[in-house]
Each structure stands twice: as C-alpha cells, then as structure tokens.
file my_file-v2.txt (compact mmCIF, C-alpha atoms)
# COMPACT_ATOMS: atom_id res chain seq x y z
CA MET J 17 -28.40 154.66 63.82
CA THR J 18 -30.02 157.96 62.95
CA ALA J 19 -29.44 161.04 65.04
CA PRO J 20 -32.27 162.24 67.29
CA ASN J 21 -34.56 164.67 65.50
CA SER J 22 -35.68 168.02 66.77
CA ASP J 23 -38.55 166.61 68.91
CA GLU J 24 -36.37 163.88 70.35
CA ARG J 25 -33.68 166.38 71.20
CA ARG J 26 -36.17 168.60 72.97
CA ALA J 27 -37.60 165.65 74.91
CA CYS J 28 -34.10 164.67 76.01
CA TRP J 29 -33.17 168.20 77.07
CA GLY J 30 -36.45 168.59 78.95
CA ALA J 31 -35.87 165.35 80.88
CA ARG J 32 -32.26 166.39 81.56
CA ASP J 33 -33.34 169.78 82.91
CA GLU J 34 -35.88 168.15 85.23
CA LEU J 35 -33.26 165.83 86.62
CA TRP J 36 -30.73 168.64 87.04
CA LYS J 37 -33.27 170.80 88.83
CA CYS J 38 -34.14 167.94 91.16
CA LEU J 39 -30.46 167.32 91.92
CA ASP J 40 -29.95 171.04 92.55
CA ASP J 41 -32.96 171.14 94.90
CA ASN J 42 -31.76 168.08 96.79
CA GLN J 43 -28.09 168.97 97.19
CA ASP J 44 -27.12 166.36 94.61
CA ASN J 45 -28.79 163.58 96.56
CA ALA J 46 -29.66 161.04 93.86
CA ALA J 47 -32.27 159.03 95.77
CA PRO J 48 -35.23 161.43 95.57
CA CYS J 49 -34.46 162.09 91.88
CA GLU J 50 -34.59 158.46 90.80
CA LYS J 51 -37.79 159.05 88.84
CA PHE J 52 -36.20 161.89 86.87
CA ARG J 53 -33.04 159.90 86.27
CA LYS J 54 -35.14 157.16 84.69
CA GLY J 55 -36.95 159.71 82.54
CA PHE J 56 -33.66 161.25 81.50
CA GLU J 57 -32.18 157.89 80.51
CA ALA J 58 -35.35 156.89 78.66
CA ASN J 59 -35.40 160.08 76.60
CA CYS J 60 -31.72 160.46 75.73
CA PRO J 61 -29.34 158.19 73.79
CA ALA J 62 -26.87 156.41 76.07
CA GLN J 63 -23.98 158.51 74.71
CA TRP J 64 -25.83 161.70 75.52
CA VAL J 65 -26.59 160.45 79.05
CA LYS J 66 -22.89 159.91 79.64
CA TYR J 67 -22.09 163.24 78.07
CA PHE J 68 -24.63 165.22 80.10
CA VAL J 69 -23.56 163.59 83.38
CA LYS J 70 -20.01 164.80 82.73
CA ARG J 71 -21.29 168.11 81.47
CA ARG J 72 -23.16 168.80 84.70
CA ASP J 73 -20.02 168.09 86.73
CA PHE J 74 -18.11 170.45 84.48
CA LEU J 75 -20.71 173.21 84.72
CA LYS J 76 -20.87 172.84 88.51
CA TYR J 77 -17.09 173.03 88.75
CA LYS J 78 -17.00 176.05 86.47
CA GLU J 79 -19.65 177.77 88.57
CA LYS J 80 -17.69 177.06 91.74
CA ILE J 81 -14.45 178.41 90.26
CA GLN J 82 -16.25 181.51 89.07
CA SER J 83 -18.00 182.26 92.37
CA GLU J 84 -15.33 181.16 94.85
CA GLY J 85 -12.18 181.46 92.82
CA PHE J 86 -9.60 178.78 92.24
CA GLU J 87 -8.17 177.14 95.35
CA PRO J 88 -4.98 175.25 94.83
CA SER J 89 -4.85 171.92 96.64
CA ASP J 90 -2.42 171.48 99.58
CA GLN J 91 0.00 169.61 97.41
CA SER J 92 0.32 172.24 94.77
CA SER J 93 0.69 175.02 97.35
CA LYS J 94 3.83 173.32 98.71
CA LEU J 95 5.52 173.48 95.37
CA MET Z 18 25.44 218.51 48.23
CA TYR Z 19 21.93 219.82 47.68
CA LEU Z 20 21.24 219.45 51.33
CA LEU Z 21 24.30 221.51 52.25
CA TYR Z 22 23.28 224.26 49.90
CA THR Z 23 19.74 224.24 51.21
CA LEU Z 24 21.05 224.49 54.75
CA VAL Z 25 23.21 227.48 53.86
CA ALA Z 26 20.35 229.14 52.01
CA TYR Z 27 18.22 228.67 55.08
CA GLN Z 28 20.82 230.48 57.20
CA HIS Z 29 20.76 233.39 54.73
CA ILE Z 30 17.07 233.70 55.24
CA THR Z 31 17.27 233.73 59.00
CA PHE Z 32 20.14 236.20 59.00
CA LEU Z 33 19.05 238.64 56.35
CA ALA Z 34 15.32 238.33 56.87
CA GLY Z 35 14.59 239.10 53.23
CA LEU Z 36 16.20 242.59 53.24
CA GLY Z 37 18.84 241.59 50.72
CA GLY Z 38 22.51 242.56 50.55
CA SER Z 39 24.92 242.91 53.44
CA HIS Z 40 23.12 245.95 54.92
CA ALA Z 41 21.30 243.56 57.13
CA VAL Z 42 24.53 242.73 58.87
CA THR Z 43 25.03 246.34 59.94
CA LEU Z 44 21.42 246.43 60.98
CA GLY Z 45 21.96 243.31 63.03
CA VAL Z 46 25.01 244.77 64.77
CA GLY Z 47 23.20 247.95 65.59
CA SER Z 48 20.21 246.34 67.06
CA CYS Z 49 21.76 243.48 68.90
CA GLN Z 50 25.15 243.01 70.56
CA GLY Z 51 25.02 239.28 70.27
CA PHE Z 52 25.08 239.48 66.50
CA SER Z 53 28.45 241.23 66.29
CA GLY Z 54 30.36 237.95 66.55
CA SER Z 55 28.39 236.61 63.60
CA ASP Z 56 29.51 239.37 61.23
CA GLU Z 57 32.22 237.35 59.60
CA LEU Z 58 30.04 234.30 59.42
CA ALA Z 59 27.24 236.22 57.80
CA GLU Z 60 29.61 237.66 55.23
CA ALA Z 61 31.01 234.24 54.50
CA PHE Z 62 27.50 233.02 53.98
CA SER Z 63 26.59 235.85 51.67
CA ARG Z 64 29.54 234.86 49.49
CA GLY Z 65 27.95 231.47 49.15
CA PRO Z 66 29.41 228.02 49.78
CA THR Z 67 30.64 227.43 46.26
CA GLY Z 68 32.15 230.87 45.92
CA SER Z 69 29.61 231.80 43.28
CA SER Z 70 30.14 235.18 41.67
CA PRO Z 71 28.49 238.12 43.43
CA GLY Z 72 26.75 238.84 40.11
CA ILE Z 73 24.04 236.26 40.82
CA GLY Z 74 21.54 237.79 43.16
CA LEU Z 75 20.36 236.24 46.38
CA ARG Z 76 16.84 235.95 45.07
CA THR Z 77 18.05 233.90 42.11
CA ARG Z 78 20.08 231.67 44.37
CA LEU Z 79 17.14 231.22 46.70
CA GLY Z 80 14.89 230.51 43.77
CA VAL Z 81 17.25 227.88 42.35
CA THR Z 82 17.60 226.32 45.79
CA ALA Z 83 13.85 226.19 46.19
CA LEU Z 84 13.43 224.66 42.75
CA ILE Z 85 16.05 221.99 43.33
CA GLY Z 86 14.64 221.30 46.78
CA ALA Z 87 11.16 220.95 45.35
CA GLY Z 88 12.54 218.66 42.66
CA VAL Z 89 14.24 216.41 45.19
CA LEU Z 90 11.15 216.35 47.40
CA GLY Z 91 8.89 215.67 44.45
CA GLY Z 92 11.14 212.85 43.27
CA TRP Z 93 11.21 211.29 46.70
CA TRP Z 94 7.43 211.61 46.97
CA TYR Z 95 6.93 209.96 43.59
CA VAL Z 96 9.25 207.05 44.43
CA ARG Z 97 7.42 206.58 47.71
CA LEU Z 98 3.99 206.58 46.05
CA GLU Z 99 5.19 204.18 43.40
CA LYS Z 100 6.59 201.86 46.02
CA GLU Z 101 3.36 201.99 48.00
CA ARG Z 102 1.31 201.26 44.90
CA ARG Z 103 3.52 198.31 44.02
CA SER Z 104 3.31 196.80 47.52
CA GLN Z 105 -0.44 197.29 47.48
CA LEU Z 106 -0.72 195.42 44.19
CA GLN Z 107 1.47 192.68 45.60
CA ARG Z 108 -0.67 192.44 48.73
CA MET Z 109 -3.81 192.29 46.61
CA GLU Z 110 -2.34 189.44 44.59
CA GLN Z 111 -1.46 187.57 47.79
CA LEU Z 112 -4.96 188.13 49.11
CA ARG Z 113 -6.49 186.99 45.86
CA GLN Z 114 -4.51 183.78 46.02
CA ALA Z 115 -5.44 183.31 49.66
CA ALA Z 116 -9.07 183.96 48.86
CA VAL Z 117 -9.15 181.32 46.17
CA GLY Z 118 -6.98 178.70 47.83
CA HIS Z 119 -7.56 179.17 51.50
CA GLY Z 120 -10.66 177.82 53.14
CA ASP Z 121 -11.53 175.86 50.05
CA PHE Z 122 -13.71 172.77 50.21
CA HIS Z 123 -15.09 170.15 47.86
CA LEU Z 124 -18.19 168.68 49.47
CA LEU Z 125 -21.70 167.46 48.76
CA ASP Z 126 -24.62 169.51 49.96
CA HIS Z 127 -27.69 167.96 51.60
CA THR Z 128 -29.34 167.53 48.21
CA GLY Z 129 -26.34 165.63 46.88
CA ARG Z 130 -24.97 168.47 44.78
CA ARG Z 131 -21.22 169.04 44.61
CA ARG Z 132 -20.22 172.35 46.21
CA THR Z 133 -16.95 174.25 46.50
CA LYS Z 134 -16.14 177.55 48.11
CA ARG Z 135 -16.22 179.14 44.68
CA ASP Z 136 -20.01 178.59 44.59
CA PHE Z 137 -20.37 180.99 47.49
CA LEU Z 138 -18.17 183.82 46.23
CA GLY Z 139 -20.12 187.05 46.19
CA GLN Z 140 -22.06 186.05 49.29
CA TRP Z 141 -21.54 186.57 52.98
CA VAL Z 142 -21.16 183.15 54.57
CA LEU Z 143 -21.54 181.96 58.16
CA LEU Z 144 -19.81 178.62 58.52
CA TYR Z 145 -20.11 176.12 61.34
CA PHE Z 146 -18.55 172.68 61.81
CA GLY Z 147 -20.40 170.06 63.86
CA PHE Z 148 -22.20 166.71 63.65
CA THR Z 149 -25.81 165.57 63.69
CA HIS Z 150 -25.46 163.28 66.74
CA CYS Z 151 -24.21 166.25 68.74
CA PRO Z 152 -25.97 166.40 72.14
CA ASP Z 153 -26.35 170.11 72.76
CA ILE Z 154 -23.66 172.45 71.50
CA CYS Z 155 -24.18 172.01 67.73
CA PRO Z 156 -27.96 172.45 67.83
CA ASP Z 157 -27.47 175.48 70.09
CA GLU Z 158 -24.94 177.02 67.75
CA LEU Z 159 -26.96 176.27 64.61
CA GLU Z 160 -30.02 177.75 66.30
CA LYS Z 161 -27.95 180.83 67.06
CA VAL Z 162 -26.67 181.05 63.47
CA SER Z 163 -30.28 180.72 62.24
CA ASP Z 164 -31.37 183.56 64.56
CA VAL Z 165 -28.55 185.77 63.28
CA VAL Z 166 -29.48 185.11 59.64
CA ARG Z 167 -33.17 185.74 60.38
CA ALA Z 168 -32.38 189.04 62.12
CA LEU Z 169 -30.19 190.25 59.24
CA ASP Z 170 -32.73 189.04 56.64
CA ALA Z 171 -35.31 191.27 58.27
CA GLU Z 172 -33.24 194.40 57.65
CA ALA Z 173 -33.75 196.03 54.29
CA GLY Z 174 -30.62 196.97 52.40
CA LEU Z 175 -28.39 194.33 53.95
CA PRO Z 176 -26.97 191.60 51.74
CA ARG Z 177 -28.11 188.08 52.55
CA VAL Z 178 -26.02 185.80 54.67
CA GLN Z 179 -25.67 182.18 53.62
CA PRO Z 180 -25.43 179.76 56.57
CA LEU Z 181 -23.35 176.60 56.01
CA PHE Z 182 -23.01 173.55 58.23
CA VAL Z 183 -20.08 171.20 57.59
CA THR Z 184 -20.11 167.83 59.34
CA VAL Z 185 -17.04 166.54 61.16
CA ASP Z 186 -18.60 163.08 61.28
CA PRO Z 187 -18.68 161.97 57.64
CA GLU Z 188 -19.04 158.30 58.61
CA ARG Z 189 -22.55 158.77 59.95
CA ASP Z 190 -23.57 162.07 58.39
CA ASP Z 191 -24.30 161.13 54.81
CA VAL Z 192 -26.37 163.28 52.46
CA ALA Z 193 -29.65 161.83 53.79
CA ALA Z 194 -28.69 162.44 57.43
CA MET Z 195 -27.70 166.02 56.63
CA GLU Z 196 -30.94 166.56 54.73
CA ARG Z 197 -32.96 165.45 57.78
CA TYR Z 198 -30.88 167.57 60.13
CA VAL Z 199 -30.81 170.94 58.35
CA ARG Z 200 -34.64 170.95 58.21
CA ASP Z 201 -34.67 171.80 61.93
CA PHE Z 202 -32.89 175.10 61.36
CA HIS Z 203 -32.90 178.08 59.00
CA PRO Z 204 -34.56 177.23 55.65
CA ARG Z 205 -31.48 178.49 53.77
CA LEU Z 206 -29.04 176.42 55.86
CA ILE Z 207 -26.94 174.20 53.61
CA GLY Z 208 -25.50 171.00 55.08
CA LEU Z 209 -22.19 169.81 53.64
CA THR Z 210 -20.62 166.37 53.85
CA GLY Z 211 -18.22 164.22 51.87
CA THR Z 212 -15.69 161.46 52.14
CA PRO Z 213 -13.58 161.45 55.32
CA GLU Z 214 -10.69 162.86 53.25
CA GLU Z 215 -12.79 165.68 51.81
CA VAL Z 216 -14.09 166.58 55.26
CA LYS Z 217 -10.57 166.46 56.69
CA GLU Z 218 -9.41 168.81 53.94
CA ALA Z 219 -12.25 171.25 54.61
CA GLY Z 220 -11.57 171.15 58.36
CA ARG Z 221 -7.88 171.75 57.83
CA SER Z 222 -8.59 174.85 55.73
CA TYR Z 223 -10.34 176.40 58.72
CA ARG Z 224 -7.97 174.99 61.36
CA VAL Z 225 -10.84 172.98 62.79
CA TYR Z 226 -9.88 170.24 65.23
CA TYR Z 227 -12.12 167.19 65.57
CA SER Z 228 -11.71 163.78 67.07
CA ALA Z 229 -14.28 160.99 67.42
CA GLY Z 230 -14.61 159.53 70.92
CA PRO Z 231 -14.84 155.80 71.78
CA LYS Z 232 -17.81 153.84 70.42
CA ASP Z 233 -20.29 152.32 72.85
CA GLU Z 234 -22.29 149.06 72.46
CA ASP Z 235 -24.76 150.87 70.14
CA ASN Z 236 -21.83 152.02 68.01
CA ASP Z 237 -22.69 155.53 69.10
CA TYR Z 238 -20.00 158.09 69.81
CA ILE Z 239 -19.47 161.78 70.45
CA VAL Z 240 -17.15 163.86 68.29
CA ASP Z 241 -15.10 166.46 70.10
CA HIS Z 242 -14.55 169.45 67.85
CA THR Z 243 -13.74 173.14 67.53
CA VAL Z 244 -16.81 175.23 68.31
CA LEU Z 245 -16.48 178.37 66.25
CA VAL Z 246 -18.72 180.18 63.80
CA TYR Z 247 -16.73 181.64 60.90
CA LEU Z 248 -17.62 184.71 58.88
CA VAL Z 249 -16.42 184.65 55.26
CA ASN Z 250 -16.81 187.77 53.13
CA PRO Z 251 -17.98 187.92 49.49
CA ASP Z 252 -14.34 187.81 48.33
CA GLY Z 253 -14.10 184.41 49.98
CA LEU Z 254 -11.79 185.69 52.68
CA PHE Z 255 -12.14 184.60 56.27
CA LEU Z 256 -13.04 187.77 58.17
CA ASP Z 257 -14.04 186.97 61.73
CA TYR Z 258 -15.04 184.16 64.07
CA TYR Z 259 -17.40 183.88 67.01
CA ASN Z 260 -17.09 181.54 69.96
CA ARG Z 261 -19.72 180.21 72.34
CA THR Z 262 -19.74 183.31 74.51
CA LYS Z 263 -21.06 185.51 71.68
CA ASP Z 264 -24.85 185.57 71.48
CA ASP Z 265 -26.92 186.08 68.35
CA LYS Z 266 -27.19 189.85 68.88
CA GLN Z 267 -23.45 190.33 69.28
CA ILE Z 268 -22.77 188.26 66.16
CA ALA Z 269 -25.38 190.16 64.13
CA ASP Z 270 -23.89 193.47 65.30
CA SER Z 271 -20.42 192.39 64.31
CA ILE Z 272 -21.61 191.25 60.86
CA ARG Z 273 -23.43 194.55 60.33
CA LYS Z 274 -20.19 196.39 61.08
CA HIS Z 275 -18.23 194.18 58.71
CA MET Z 276 -20.81 194.78 55.99
CA LYS Z 277 -20.61 198.53 56.52
CA THR Z 278 -16.83 198.68 56.32
CA TYR Z 279 -16.56 196.10 53.54
CA VAL Z 280 -14.73 197.19 50.42
CA LYS Z 281 -14.83 194.84 47.48
CA LEU Z 282 -11.24 193.77 46.98
CA PHE Z 283 -11.40 192.04 43.64
CA PRO Z 284 -13.31 193.82 40.92
CA ASP Z 285 -14.66 191.24 38.46
call {"tool": "encode", "arguments": {"input": "my_file-v2.txt", "output": "structure tokens"}}
result
Amino acid sequence: MTAPNSDERRACWGARDELWKCLDDNQDNAAPCEKFRKGFEANCPAQWVKYFVKRRDFLKYKEKIQSEGFEPSDQSSKL
Amino acid sequence: MYLLYTLVAYQHITFLAGLGGSHAVTLGVGSCQGFSGSDELAEAFSRGPTGSSPGIGLRTRLGVTALIGAGVLGGWWYVRLEKERRSQLQRMEQLRQAAVGHGDFHLLDHTGRRRTKRDFLGQWVLLYFGFTHCPDICPDELEKVSDVVRALDAEAGLPRVQPLFVTVDPERDDVAAMERYVRDFHPRLIGLTGTPEEVKEAGRSYRVYYSAGPKDEDNDYIVDHTVLVYLVNPDGLFLDYYNRTKDDKQIADSIRKHMKTYVKLFPD
C-alpha cells in the first residue's frame, strides 16, 4: 500500500478540518456533522482516521489544561 | 624557600619605601609613634633572612628576588600553557573521533545510491526522522525544514544547508516510496532508507526512538517516533536540535547564529 501523496494528504486534512470545525460549532454533537464525518473517512486512510480522532481529543485536552489549569481528580487529592 | 624570601623582600619595600639603608627606620620613628615597636623587626629584616653579608646591597637583593620570582612565575605560566595546549589537542582528538563515529549511517538515498555520513562532511545538514505514511507531523516538519532551507538559500554569503529525511519505517519505505515522497518537499531533500538493521543503527546514533503501532485490516500502521530536527555542522558534529515548538523562522535564526560562530575544527 503506497502512502498518500501530497494531494491526497491535503484532501484528507481539508476534510478533517471541516469535520473539526463542525464539531467545534456544535459543541461536539456528532449528529449534525455526519456529512463531514463521511467526507473525512472517505478522504483519509483508516489509520489516519483513528489517529486524527485521538489527536483531536488530545488537542482539546491540552487546550483545556492550558486555559483552565490542571485539576486533580477527587481521588488523587485525597492522597 | 623562594616564597619566604619574596615575602621578606616585600616587607623591606613597605618598610623602607625605597630610601635604602637603615635611615628609614629613624625616619619612621620620628614620624610615627606606632613604628617604634617595629624597630627591631625592621633591623632584623634588613639583615636578611639568610644572614647574608651586609656587603650585598638591598637593590641587588631585590633584583635577585625579582628575577627569581619572575623565573618561577614564568615557569609556572609555561607549564600551565603547555598543559592547556595538551588538553586541547586531546579534546580535539576526542571530537574528531566523535565526529567520524557518532551519528554515522549507511543508507540508500532515494535514487538507490549508498550514502554515509562521510558524504555530507563539509556541509551543514538538517536531519529529520519520520515515515511516508505519517498522517500530519512528518509532512509538517519536512515542510518546515524545506522553508528553513529556502530562506537560508535566499541569503547571499551563507553556506547551503542539506536537508535529509531518514525513514523509521524501512518495511514500507523502500527507495521507490522515498523517491515519490521527497518530491513533495524541497528539491534538494534527500530521502534515506535501508534494511531494518541499517535504519536501527542510524536511529540509535541520533538517540531516535521509534516503534510501529498495531497493523489494521489493510496492514496499515502508524509509527510512533521522536520528532526532532537535528543540525549537524560541516565537521559532522551534532550541534543543535529543534522540537515541534520551534517554527521555521526560529530555526533559521538559530542556524544563522551557528554559522556565524562556527570555527572549523579539523583542518584538512
């Protein structure tokens, strides 16, 4: 299996960005973004889809930590 | 012994202030009460520590002291310089060995030619490890490296920087795959691949970590790896590295500084 070329990469990233924007606009509600999700999955290799889904979670978490600071869970605060 | 004599000579100077003879002692007593107690001391000093005959004048003794002192100082200075020179030579030899051995690789470039680090001696090298199936980080970083090289190319008087891309996925990234991939970036970018062992060896030289993830039904997988851009100087020595947070301008600035302060270590 050959790696995506430059055009294919760009198509995948474009579809990913559209989906991410939709999810951002809809407070992560997946239903209205179904169309974009399909486009994203059609334009990206399955491995990349998995990777970008995790990546978005990571970026969101990072953003939260950076803007709100780290909050230890109840359990860890008892230690 | 010398030190003692020097010390005593020094006291002469402070006491007699260059007037010579023991007249100074009387002068001292006359002008200052506090000196009276030092009379005996001063006289003892003027006799000299080794009881040298009064025939040798103070000036001669001072002169000899100064000469010996200068000799000792000069000797010490010479030994120090010699030691410094020797440790510098030793350091240079260590560096030379590090430059040849460390960061070495034996790989094939994207045209199928065998390449080692030696081929790039005399050139500034920007080195990046990644893989062609990489979703976003590798293309981003290679784009960044290409921008840096383009920016530096545009400046007259700066040596050229050679961008290199080493795969950490030798199973899929053969010469043909690398050839297709490098086309998307800087025209001078050289892609390097090899057998899994050769790639492992190259990665180890730069302390690069990589680990292939699980394969899916399409036999596709993601390779987790160290994301650093390495700067290697024309002596083949690793000089600096840049992580994801550094943009193309910061990297270009840093390279400019390194080029400005660069001193060729190993004359040919």
call {"tool": "interface_residues", "arguments": {"input": "my_file-v2.txt", "of": "chain J", "to": "chain Z", "cutoff": "7 Å", "atoms": "all atoms listed in the file", "output": "PDB file with C-alpha atoms, in the frame of the given file"}}
result
ATOM      1  CA  ALA J  19     -29.440 161.040  65.040  1.00  0.00           C
ATOM      2  CA  PRO J  20     -32.270 162.240  67.290  1.00  0.00           C
ATOM      3  CA  SER J  22     -35.680 168.020  66.770  1.00  0.00           C
ATOM      4  CA  GLN J  63     -23.980 158.510  74.710  1.00  0.00           C
ATOM      5  CA  TRP J  64     -25.830 161.700  75.520  1.00  0.00           C
TER       6      TRP J  64
END
call {"tool": "atom_distance", "arguments": {"input": "my_file-v2.txt", "atom1": "atom CA of Z:Phe137", "atom2": "atom CA of Z:Arg205"}}
result
13.0 Å
call {"tool": "residues_around", "arguments": {"input": "my_file-v2.txt", "residues": "J:Phe56", "least_positions_apart": "4", "cutoff": "12 Å", "atoms": "only C-alpha atoms", "output": "JSON, numbers by chain"}}
result
{"J": [24, 25, 26, 27, 28, 29, 30, 31, 32, 33, 34, 35, 36, 38, 49, 50, 51, 52, 60, 61, 62, 64, 65, 66, 68, 69]}
call {"tool": "residues_around", "arguments": {"input": "my_file-v2.txt", "residues": "Z:His203", "least_positions_apart": "3", "cutoff": "8 Å", "atoms": "all atoms listed in the file", "output": "list of chain:residue names"}}
result
Z:Glu160, Z:Ser163, Z:Asp164, Z:Val166, Z:Arg167, Z:Val199, Z:Arg200, Z:Leu206
call {"tool": "closest_residue", "arguments": {"input": "my_file-v2.txt", "among": "Z:Gly92, Z:Gly230, Z:Pro204, Z:Pro213", "to": "Z:His123", "atoms": "all atoms listed in the file"}}
result
Z:Pro213
call {"tool": "closest_residue", "arguments": {"input": "my_file-v2.txt", "among": "Z:Leu143, Z:Gly211, Z:Val185, Z:Leu159", "to": "Z:Asp126", "atoms": "all atoms listed in the file"}}
result
Z:Gly211
call {"tool": "residues_around", "arguments": {"input": "my_file-v2.txt", "residues": "Z:Asp265", "least_positions_apart": "3", "cutoff": "12 Å", "atoms": "only C-alpha atoms", "output": "ChimeraX atom specification"}}
result
/Z:157-169,246,259-262,268-272
call {"tool": "write_last_selection", "arguments": {"input": "my_file-v2.txt", "atoms": "C-alpha atoms", "output": "mmCIF file, in the frame of the given file"}}
result
data_model
loop_
_atom_site.group_PDB
_atom_site.id
_atom_site.type_symbol
_atom_site.label_atom_id
_atom_site.label_comp_id
_atom_site.auth_asym_id
_atom_site.auth_seq_id
_atom_site.Cartn_x
_atom_site.Cartn_y
_atom_site.Cartn_z
ATOM 1 C CA ASP Z 157 -27.470 175.480 70.090
ATOM 2 C CA GLU Z 158 -24.940 177.020 67.750
ATOM 3 C CA LEU Z 159 -26.960 176.270 64.610
ATOM 4 C CA GLU Z 160 -30.020 177.750 66.300
ATOM 5 C CA LYS Z 161 -27.950 180.830 67.060
ATOM 6 C CA VAL Z 162 -26.670 181.050 63.470
ATOM 7 C CA SER Z 163 -30.280 180.720 62.240
ATOM 8 C CA ASP Z 164 -31.370 183.560 64.560
ATOM 9 C CA VAL Z 165 -28.550 185.770 63.280
ATOM 10 C CA VAL Z 166 -29.480 185.110 59.640
ATOM 11 C CA ARG Z 167 -33.170 185.740 60.380
ATOM 12 C CA ALA Z 168 -32.380 189.040 62.120
ATOM 13 C CA LEU Z 169 -30.190 190.250 59.240
ATOM 14 C CA VAL Z 246 -18.720 180.180 63.800
ATOM 15 C CA TYR Z 259 -17.400 183.880 67.010
ATOM 16 C CA ASN Z 260 -17.090 181.540 69.960
ATOM 17 C CA ARG Z 261 -19.720 180.210 72.340
ATOM 18 C CA THR Z 262 -19.740 183.310 74.510
ATOM 19 C CA ILE Z 268 -22.770 188.260 66.160
ATOM 20 C CA ALA Z 269 -25.380 190.160 64.130
ATOM 21 C CA ASP Z 270 -23.890 193.470 65.300
ATOM 22 C CA SER Z 271 -20.420 192.390 64.310
ATOM 23 C CA ILE Z 272 -21.610 191.250 60.860
#
call {"tool": "atom_distance", "arguments": {"input": "my_file-v2.txt", "atom1": "atom CA of Z:Arg177", "atom2": "atom CA of Z:Ala219"}}
result
23.2 Å
call {"tool": "atom_distance", "arguments": {"input": "my_file-v2.txt", "atom1": "atom CA of Z:Tyr145", "atom2": "atom CA of J:Asn21"}}
result
18.9 Å
call {"tool": "residues_around", "arguments": {"input": "my_file-v2.txt", "residues": "Z:Gly253", "least_positions_apart": "4", "cutoff": "10 Å", "atoms": "all atoms listed in the file", "output": "PyMOL selection string"}}
result
chain Z and resi 112-113+115-121+134-142+248-249
call {"tool": "closest_residue", "arguments": {"input": "my_file-v2.txt", "among": "Z:Thr210, Z:Phe255, Z:Lys281, Z:Gly147", "to": "Z:Ala229", "atoms": "all atoms listed in the file"}}
result
Z:Gly147
call {"tool": "closest_residue", "arguments": {"input": "my_file-v2.txt", "among": "Z:Trp94, Z:Glu196, Z:Ile207, Z:Lys266", "to": "J:Thr18", "atoms": "all atoms listed in the file"}}
result
Z:Glu196
call {"tool": "decode", "arguments": {"input": "my_file-v2.txt", "residues": "stretch 236-253 of chain Z", "atoms": "C-alpha atoms", "output": "mmCIF file, in the first residue's frame"}}
result
data_model
loop_
_atom_site.group_PDB
_atom_site.id
_atom_site.type_symbol
_atom_site.label_atom_id
_atom_site.label_comp_id
_atom_site.auth_asym_id
_atom_site.auth_seq_id
_atom_site.Cartn_x
_atom_site.Cartn_y
_atom_site.Cartn_z
ATOM 1 C CA ASN Z 236 -1.953 -3.846 7.013
ATOM 2 C CA ASP Z 237 -1.607 -0.139 7.660
ATOM 3 C CA TYR Z 238 0.011 1.175 10.811
ATOM 4 C CA ILE Z 239 1.335 4.336 12.403
ATOM 5 C CA VAL Z 240 4.920 4.593 13.635
ATOM 6 C CA ASP Z 241 5.421 6.497 16.854
ATOM 7 C CA HIS Z 242 8.774 8.251 16.788
ATOM 8 C CA THR Z 243 10.984 11.034 18.109
ATOM 9 C CA VAL Z 244 10.067 14.326 16.458
ATOM 10 C CA LEU Z 245 13.258 16.353 16.344
ATOM 11 C CA VAL Z 246 15.139 18.170 13.625
ATOM 12 C CA TYR Z 247 18.911 17.812 14.058
ATOM 13 C CA LEU Z 248 21.544 20.288 12.948
ATOM 14 C CA VAL Z 249 24.902 18.743 12.022
ATOM 15 C CA ASN Z 250 27.850 21.028 11.271
ATOM 16 C CA PRO Z 251 30.385 20.636 8.433
ATOM 17 C CA ASP Z 252 32.703 18.716 10.790
ATOM 18 C CA GLY Z 253 29.968 16.126 11.096
#
